[in-house]
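As provided, start34.cif (mmCIF, C-alpha atoms and all ligand atoms) reads as follows.
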```cif
data_final
loop_
_atom_site.group_PDB
_atom_site.id
_atom_site.type_symbol
_atom_site.label_atom_id
_atom_site.label_comp_id
_atom_site.auth_asym_id
_atom_site.auth_seq_id
_atom_site.Cartn_x
_atom_site.Cartn_y
_atom_site.Cartn_z
ATOM 1 C CA MET E 1 359.815 60.198 100.895
ATOM 2 C CA LYS E 2 356.253 61.158 101.611
ATOM 3 C CA VAL E 3 354.863 64.650 101.881
ATOM 4 C CA LEU E 4 351.479 64.366 103.536
ATOM 5 C CA ASP E 5 348.737 66.925 103.863
ATOM 6 C CA LEU E 6 347.783 66.809 107.511
ATOM 7 C CA GLN E 7 345.193 68.447 109.673
ATOM 8 C CA CYS E 8 344.703 68.687 113.423
ATOM 9 C CA SER E 9 341.402 68.505 115.262
ATOM 10 C CA HIS E 10 341.201 72.305 115.148
ATOM 11 C CA GLY E 11 341.324 72.305 111.398
ATOM 12 C CA HIS E 12 344.876 73.632 111.067
ATOM 13 C CA GLY E 13 346.282 72.327 107.831
ATOM 14 C CA PHE E 14 349.973 71.673 107.336
ATOM 15 C CA GLU E 15 352.410 69.474 105.465
ATOM 16 C CA GLY E 16 354.411 66.756 107.110
ATOM 17 C CA TRP E 17 357.524 65.172 105.645
ATOM 18 C CA PHE E 18 358.077 61.514 106.401
ATOM 19 C CA ALA E 19 360.271 58.713 105.161
ATOM 20 C CA SER E 20 357.184 56.701 104.289
ATOM 21 C CA ASN E 21 353.537 56.191 105.113
ATOM 22 C CA GLU E 22 354.625 53.641 107.714
ATOM 23 C CA ALA E 23 356.996 56.167 109.277
ATOM 24 C CA PHE E 24 354.085 58.583 109.546
ATOM 25 C CA GLU E 25 351.861 55.970 111.204
ATOM 26 C CA THR E 26 354.626 55.011 113.641
ATOM 27 C CA GLN E 27 355.500 58.577 114.557
ATOM 28 C CA LEU E 28 351.815 59.423 114.913
ATOM 29 C CA ALA E 29 351.312 56.456 117.258
ATOM 30 C CA ASP E 30 354.363 57.573 119.273
ATOM 31 C CA GLY E 31 352.884 61.048 119.648
ATOM 32 C CA LEU E 32 355.679 62.615 117.613
ATOM 33 C CA VAL E 33 353.416 64.211 115.089
ATOM 34 C CA GLU E 34 351.852 67.394 116.310
ATOM 35 C CA CYS E 35 350.195 70.398 114.810
ATOM 36 C CA PRO E 36 352.837 73.132 114.408
ATOM 37 C CA MET E 37 350.250 75.736 115.306
ATOM 38 C CA CYS E 38 348.538 74.415 118.431
ATOM 39 C CA GLY E 39 350.589 71.369 119.377
ATOM 40 C CA GLY E 40 347.535 69.161 118.948
ATOM 41 C CA LYS E 41 348.334 65.495 118.500
ATOM 42 C CA GLU E 42 345.036 64.463 116.995
ATOM 43 C CA VAL E 43 346.444 64.645 113.531
ATOM 44 C CA THR E 44 344.792 63.093 110.547
ATOM 45 C CA LYS E 45 345.647 62.869 106.916
ATOM 46 C CA MET E 46 343.597 65.150 104.777
ATOM 47 C CA LEU E 47 341.904 63.832 101.730
ATOM 48 C CA SER E 48 343.505 65.156 98.628
ATOM 49 C CA ALA E 49 342.241 68.622 97.775
ATOM 50 C CA PRO E 50 339.622 68.674 100.547
ATOM 51 C CA ARG E 51 338.522 72.203 99.796
ATOM 52 C CA LEU E 52 337.897 71.612 96.161
ATOM 53 C CA ASN E 53 334.283 70.704 96.315
ATOM 54 C CA LEU E 54 333.544 71.163 92.674
ATOM 55 C CA SER E 55 331.237 68.275 92.121
ATOM 56 C CA ALA E 56 327.547 68.660 92.638
ATOM 57 C CA GLY E 57 327.411 65.184 94.081
ATOM 58 C CA LYS E 58 327.360 64.350 97.741
ATOM 59 C CA GLU E 59 330.475 65.067 99.721
ATOM 60 C CA ALA E 60 332.031 62.955 102.387
ATOM 61 C CA GLY E 61 332.647 64.719 105.673
ATOM 62 C CA SER E 62 331.044 67.833 107.069
ATOM 63 C CA PRO E 63 327.933 69.219 105.455
ATOM 64 C CA ALA E 64 328.478 72.201 103.211
ATOM 65 C CA PRO E 65 327.494 75.536 104.734
ATOM 66 C CA ALA E 66 324.546 77.381 103.302
ATOM 67 C CA GLN E 67 325.302 79.146 100.056
ATOM 68 C CA GLN E 68 325.214 82.770 101.230
ATOM 69 C CA SER E 69 327.378 82.170 104.296
ATOM 70 C CA GLN E 70 330.092 80.323 102.435
ATOM 71 C CA GLN E 71 332.220 83.390 101.803
ATOM 72 C CA GLU E 72 331.739 84.544 105.370
ATOM 73 C CA ALA E 73 332.804 81.166 106.670
ATOM 74 C CA ALA E 74 335.877 81.262 104.451
ATOM 75 C CA GLN E 75 336.807 84.694 105.814
ATOM 76 C CA GLN E 76 336.352 83.540 109.391
ATOM 77 C CA GLN E 77 338.482 80.540 108.743
ATOM 78 C CA HIS E 78 341.142 82.706 107.153
ATOM 79 C CA GLY E 79 341.078 84.989 110.203
ATOM 80 C CA ARG E 80 341.540 82.053 112.544
ATOM 81 C CA TRP E 81 344.352 80.782 110.376
ATOM 82 C CA LEU E 82 346.155 84.148 110.473
ATOM 83 C CA ARG E 83 345.783 84.315 114.249
ATOM 84 C CA ALA E 84 347.122 80.812 114.680
ATOM 85 C CA VAL E 85 350.105 81.572 112.457
ATOM 86 C CA ARG E 86 350.869 84.752 114.419
ATOM 87 C CA GLU E 87 350.775 82.781 117.656
ATOM 88 C CA LEU E 88 353.074 80.237 116.111
ATOM 89 C CA MET E 89 355.491 83.002 115.161
ATOM 90 C CA ALA E 90 355.434 84.281 118.720
ATOM 91 C CA SER E 91 356.031 80.893 120.297
ATOM 92 C CA THR E 92 358.842 79.591 118.122
ATOM 93 C CA GLU E 93 362.420 80.644 117.646
ATOM 94 C CA ASP E 94 363.430 81.714 114.175
ATOM 95 C CA VAL E 95 366.590 79.805 113.313
ATOM 96 C CA GLY E 96 366.547 80.776 109.662
ATOM 97 C CA ASP E 97 368.564 78.553 107.377
ATOM 98 C CA ARG E 98 370.044 76.652 110.327
ATOM 99 C CA PHE E 99 366.677 74.899 110.602
ATOM 100 C CA ALA E 100 367.849 71.441 109.558
ATOM 101 C CA ASP E 101 370.862 71.568 111.921
ATOM 102 C CA GLU E 102 368.764 72.731 114.858
ATOM 103 C CA ALA E 103 366.041 70.157 114.194
ATOM 104 C CA ARG E 104 368.713 67.446 114.248
ATOM 105 C CA LYS E 105 370.260 68.725 117.486
ATOM 106 C CA ILE E 106 366.858 68.826 119.173
ATOM 107 C CA HIS E 107 366.052 65.356 117.898
ATOM 108 C CA HIS E 108 369.291 63.985 119.327
ATOM 109 C CA GLY E 109 368.848 65.840 122.604
ATOM 110 C CA GLU E 110 371.957 67.965 122.080
ATOM 111 C CA VAL E 111 370.056 71.145 122.780
ATOM 112 C CA LYS E 112 366.955 72.009 124.756
ATOM 113 C CA GLU E 113 363.724 71.008 123.091
ATOM 114 C CA ARG E 114 361.871 74.003 121.786
ATOM 115 C CA GLY E 115 359.751 75.110 118.913
ATOM 116 C CA ILE E 116 361.739 76.344 115.977
ATOM 117 C CA ARG E 117 360.925 77.684 112.583
ATOM 118 C CA GLY E 118 363.054 78.467 109.639
ATOM 119 C CA GLN E 119 363.831 77.536 106.110
ATOM 120 C CA ALA E 120 364.847 74.157 104.845
ATOM 121 C CA THR E 121 365.363 73.095 101.282
ATOM 122 C CA ARG E 122 363.398 70.159 99.900
ATOM 123 C CA GLU E 123 366.608 68.117 100.128
ATOM 124 C CA GLU E 124 367.085 69.020 103.794
ATOM 125 C CA SER E 125 363.465 68.236 104.648
ATOM 126 C CA ALA E 126 363.747 64.933 102.821
ATOM 127 C CA ALA E 127 366.974 64.071 104.663
ATOM 128 C CA LEU E 128 365.373 64.873 108.032
ATOM 129 C CA ALA E 129 362.378 62.713 107.167
ATOM 130 C CA GLU E 130 364.681 59.828 106.277
ATOM 131 C CA GLU E 131 366.314 60.197 109.692
ATOM 132 C CA GLY E 132 362.930 59.903 111.354
ATOM 133 C CA ILE E 133 362.649 63.577 112.223
ATOM 134 C CA ALA E 134 359.199 64.817 111.388
ATOM 135 C CA VAL E 135 359.230 68.166 109.656
ATOM 136 C CA MET E 136 356.009 70.127 109.600
ATOM 137 C CA GLN E 137 355.593 72.791 107.055
ATOM 138 C CA ILE E 138 352.966 75.448 106.727
ATOM 139 C CA ALA E 139 352.413 77.813 103.889
ATOM 140 C CA LEU E 140 352.611 81.347 105.252
ATOM 141 C CA PRO E 141 350.006 83.771 104.023
ATOM 142 C CA ALA E 142 351.683 86.360 101.793
ATOM 143 C CA ALA E 143 350.319 89.210 103.931
ATOM 144 C CA LEU E 144 352.106 87.855 106.962
ATOM 145 C CA LYS E 145 355.412 87.331 105.180
ATOM 146 C CA GLU E 146 355.611 91.025 104.410
ATOM 147 C CA THR E 147 355.420 91.910 108.089
ATOM 148 C CA LEU E 148 358.402 89.696 108.899
ATOM 149 C CA GLN E 149 361.946 90.858 108.509
HETATM 150 ZN ZN ZN Y 201 346.287 72.786 115.335
#
```

If you took the structure in this file and wrote it as structure tokens, what would it be?
Amino acid sequence: MKVLDLQCSHGHGFEGWFASNEAFETQLADGLVECPMCGGKEVTKMLSAPRLNLSAGKEAGSPAPAQQSQQEAAQQQHGRWLRAVRELMASTEDVGDRFADEARKIHHGEVKERGIRGQATREESAALAEEGIAVMQIALPAALKETLQ
């Protein structure tokens, strides 16, 4: 069981549950891994703790924004994130705790393919991953949770 920190080309971060690293690579190559927020298939593994740039040394990847605009950039990013999550909420069906069942049915073609969201326990997510069903998980901002029933 592998829980991977993933990111799409738009910078949406999410977690993906897979049976193994190989399963991730295979499902990625088959186009089965997509960003839960925008459906983007250009998904890459994030480096561990990519936002924790605590060292003063040089950083791999994008150049750090100028000091004074850092907070502003963080706020903008947070705003984009909230918008993307709201869109995701609007475009998926809430199946609640039937998530694992529904994901299985969709995977096996028993019901129409559609975007679903809901709750799954770690055990359920792990079981789905073992069956080759990619489960993407995003952490909902607390502010947004309160507005949901
Ligand atoms: Zn995305």

Item to complete: Kindly provide, as an NGL selection string, all nucleotide and amino acid residues lying within 12 Å of ligand ZN 201 (chain Y), counting all atoms listed in the file.
Response: :E and (6-14 or 33-44 or 80-81 or 83-85 or 87-88 or 136 or 138)

Practice prompt. Go through E:Leu28, E:Ser69, E:Gly16, E:Gln75 one by one, measure the shortest atom-to-atom distance of each to Met46 of chain E using all atoms listed in the file, and give the residue with the smallest value.
Written response: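 Of E:Leu28, E:Ser69, E:Gly16, E:Gln75, the one nearest Met46 of chain E, counting all atoms listed in the file, is E:Gly16.
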
Fill in: Distance query segment 130-133 of chain E at most 7 Å, all atoms listed in the file, self and fewer than 4 positions along chain excluded, as a ChimeraX atom specification
/E:18-19,107,126

Item to complete: Rounded to one decimal place, report the atom CA of Phe99 of chain E-atom CA of Gln119 of chain E distance in Å.
Response: 5.9 Å

Worksheet entry | Distance in Å - atom CA of Ser91 of chain E versus atom CA of Lys112 of chain E |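 These atoms are spaced 14.8 Å apart.
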
Worksheet item: Looking at only C-alpha atoms, which of E:Ile106, E:Glu72, E:Arg114, E:Ala129 is the one that sits closest to Glu22 of chain E?
Response: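 Closest to Glu22 of chain E of all the choices is E:Ala129.
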
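Atom pair atom CA of Val135 of chain E / atom CA of Lys105 of chain E has a distance of 13.5 Å (rounded to one decimal).
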
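Proximity of E:Arg104, E:His78, E:Lys45, E:Arg122 to Met1 of chain E, computed with only C-alpha atoms, is greatest for E:Arg122.
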
Using the structure just given, write a file holding N, CA and C atoms for segment 8-39 of chain E, as a PDB file, in the first residue's frame.
```
ATOM      1  N   CYS E   8      -1.028  17.929  -9.980  1.00  0.00           N
ATOM      2  CA  CYS E   8      -1.267  18.041 -11.416  1.00  0.00           C
ATOM      3  C   CYS E   8      -0.510  19.247 -11.955  1.00  0.00           C
ATOM      4  N   SER E   9      -0.610  19.444 -13.265  1.00  0.00           N
ATOM      5  CA  SER E   9       0.146  20.534 -13.886  1.00  0.00           C
ATOM      6  C   SER E   9      -0.376  21.906 -13.479  1.00  0.00           C
ATOM      7  N   HIS E  10      -1.571  21.943 -12.861  1.00  0.00           N
ATOM      8  CA  HIS E  10      -2.102  23.210 -12.375  1.00  0.00           C
ATOM      9  C   HIS E  10      -1.742  23.458 -10.915  1.00  0.00           C
ATOM     10  N   GLY E  11      -0.992  22.563 -10.357  1.00  0.00           N
ATOM     11  CA  GLY E  11      -0.549  22.754  -8.990  1.00  0.00           C
ATOM     12  C   GLY E  11      -1.536  22.291  -7.940  1.00  0.00           C
ATOM     13  N   HIS E  12      -2.580  21.537  -8.361  1.00  0.00           N
ATOM     14  CA  HIS E  12      -3.508  20.987  -7.374  1.00  0.00           C
ATOM     15  C   HIS E  12      -2.843  19.796  -6.682  1.00  0.00           C
ATOM     16  N   GLY E  13      -2.762  19.861  -5.391  1.00  0.00           N
ATOM     17  CA  GLY E  13      -2.160  18.763  -4.656  1.00  0.00           C
ATOM     18  C   GLY E  13      -3.224  17.813  -4.133  1.00  0.00           C
ATOM     19  N   PHE E  14      -2.940  16.534  -4.174  1.00  0.00           N
ATOM     20  CA  PHE E  14      -3.873  15.554  -3.621  1.00  0.00           C
ATOM     21  C   PHE E  14      -3.118  14.278  -3.293  1.00  0.00           C
ATOM     22  N   GLU E  15      -3.805  13.388  -2.574  1.00  0.00           N
ATOM     23  CA  GLU E  15      -3.204  12.105  -2.231  1.00  0.00           C
ATOM     24  C   GLU E  15      -3.786  11.023  -3.106  1.00  0.00           C
ATOM     25  N   GLY E  16      -2.963  10.120  -3.535  1.00  0.00           N
ATOM     26  CA  GLY E  16      -3.455   8.973  -4.287  1.00  0.00           C
ATOM     27  C   GLY E  16      -3.069   7.685  -3.574  1.00  0.00           C
ATOM     28  N   TRP E  17      -4.031   6.762  -3.535  1.00  0.00           N
ATOM     29  CA  TRP E  17      -3.785   5.477  -2.871  1.00  0.00           C
ATOM     30  C   TRP E  17      -3.568   4.413  -3.935  1.00  0.00           C
ATOM     31  N   PHE E  18      -2.468   3.712  -3.821  1.00  0.00           N
ATOM     32  CA  PHE E  18      -2.131   2.699  -4.822  1.00  0.00           C
ATOM     33  C   PHE E  18      -1.593   1.458  -4.123  1.00  0.00           C
ATOM     34  N   ALA E  19      -1.696   0.337  -4.848  1.00  0.00           N
ATOM     35  CA  ALA E  19      -1.197  -0.912  -4.283  1.00  0.00           C
ATOM     36  C   ALA E  19       0.309  -0.851  -4.111  1.00  0.00           C
ATOM     37  N   SER E  20       0.970  -0.157  -5.027  1.00  0.00           N
ATOM     38  CA  SER E  20       2.427  -0.064  -4.978  1.00  0.00           C
ATOM     39  C   SER E  20       2.873   1.065  -5.884  1.00  0.00           C
ATOM     40  N   ASN E  21       4.157   1.368  -5.838  1.00  0.00           N
ATOM     41  CA  ASN E  21       4.710   2.367  -6.743  1.00  0.00           C
ATOM     42  C   ASN E  21       4.509   1.946  -8.191  1.00  0.00           C
ATOM     43  N   GLU E  22       4.682   0.644  -8.450  1.00  0.00           N
ATOM     44  CA  GLU E  22       4.516   0.114  -9.799  1.00  0.00           C
ATOM     45  C   GLU E  22       3.070   0.300 -10.263  1.00  0.00           C
ATOM     46  N   ALA E  23       2.139   0.043  -9.353  1.00  0.00           N
ATOM     47  CA  ALA E  23       0.717   0.205  -9.690  1.00  0.00           C
ATOM     48  C   ALA E  23       0.441   1.659 -10.067  1.00  0.00           C
ATOM     49  N   PHE E  24       1.067   2.568  -9.345  1.00  0.00           N
ATOM     50  CA  PHE E  24       0.907   3.992  -9.671  1.00  0.00           C
ATOM     51  C   PHE E  24       1.434   4.271 -11.076  1.00  0.00           C
ATOM     52  N   GLU E  25       2.656   3.799 -11.355  1.00  0.00           N
ATOM     53  CA  GLU E  25       3.268   4.049 -12.663  1.00  0.00           C
ATOM     54  C   GLU E  25       2.396   3.477 -13.784  1.00  0.00           C
ATOM     55  N   THR E  26       1.889   2.262 -13.571  1.00  0.00           N
ATOM     56  CA  THR E  26       1.063   1.607 -14.581  1.00  0.00           C
ATOM     57  C   THR E  26      -0.231   2.377 -14.803  1.00  0.00           C
ATOM     58  N   GLN E  27      -0.890   2.731 -13.711  1.00  0.00           N
ATOM     59  CA  GLN E  27      -2.166   3.433 -13.836  1.00  0.00           C
ATOM     60  C   GLN E  27      -1.964   4.824 -14.415  1.00  0.00           C
ATOM     61  N   LEU E  28      -0.828   5.436 -14.111  1.00  0.00           N
ATOM     62  CA  LEU E  28      -0.520   6.751 -14.672  1.00  0.00           C
ATOM     63  C   LEU E  28      -0.338   6.618 -16.186  1.00  0.00           C
ATOM     64  N   ALA E  29       0.419   5.592 -16.593  1.00  0.00           N
ATOM     65  CA  ALA E  29       0.673   5.369 -18.021  1.00  0.00           C
ATOM     66  C   ALA E  29      -0.628   5.062 -18.760  1.00  0.00           C
ATOM     67  N   ASP E  30      -1.571   4.404 -18.084  1.00  0.00           N
ATOM     68  CA  ASP E  30      -2.854   4.060 -18.701  1.00  0.00           C
ATOM     69  C   ASP E  30      -3.848   5.219 -18.649  1.00  0.00           C
ATOM     70  N   GLY E  31      -3.418   6.337 -18.112  1.00  0.00           N
ATOM     71  CA  GLY E  31      -4.295   7.509 -18.044  1.00  0.00           C
ATOM     72  C   GLY E  31      -5.393   7.368 -17.003  1.00  0.00           C
ATOM     73  N   LEU E  32      -5.164   6.518 -16.009  1.00  0.00           N
ATOM     74  CA  LEU E  32      -6.187   6.295 -14.985  1.00  0.00           C
ATOM     75  C   LEU E  32      -6.016   7.209 -13.776  1.00  0.00           C
ATOM     76  N   VAL E  33      -4.898   7.882 -13.748  1.00  0.00           N
ATOM     77  CA  VAL E  33      -4.670   8.785 -12.631  1.00  0.00           C
ATOM     78  C   VAL E  33      -4.971  10.207 -13.089  1.00  0.00           C
ATOM     79  N   GLU E  34      -5.965  10.805 -12.495  1.00  0.00           N
ATOM     80  CA  GLU E  34      -6.238  12.184 -12.863  1.00  0.00           C
ATOM     81  C   GLU E  34      -6.508  13.045 -11.643  1.00  0.00           C
ATOM     82  N   CYS E  35      -6.245  14.312 -11.838  1.00  0.00           N
ATOM     83  CA  CYS E  35      -6.450  15.267 -10.748  1.00  0.00           C
ATOM     84  C   CYS E  35      -7.935  15.293 -10.397  1.00  0.00           C
ATOM     85  N   PRO E  36      -8.280  15.099  -9.127  1.00  0.00           N
ATOM     86  CA  PRO E  36      -9.699  15.105  -8.739  1.00  0.00           C
ATOM     87  C   PRO E  36     -10.339  16.475  -8.931  1.00  0.00           C
ATOM     88  N   MET E  37      -9.541  17.496  -9.042  1.00  0.00           N
ATOM     89  CA  MET E  37     -10.108  18.841  -9.137  1.00  0.00           C
ATOM     90  C   MET E  37     -10.303  19.338 -10.559  1.00  0.00           C
ATOM     91  N   CYS E  38      -9.392  19.009 -11.475  1.00  0.00           N
ATOM     92  CA  CYS E  38      -9.537  19.526 -12.830  1.00  0.00           C
ATOM     93  C   CYS E  38      -9.523  18.414 -13.868  1.00  0.00           C
ATOM     94  N   GLY E  39      -9.330  17.180 -13.432  1.00  0.00           N
ATOM     95  CA  GLY E  39      -9.307  16.070 -14.376  1.00  0.00           C
ATOM     96  C   GLY E  39      -8.019  15.986 -15.177  1.00  0.00           C
TER      97      GLY E  39
END
```
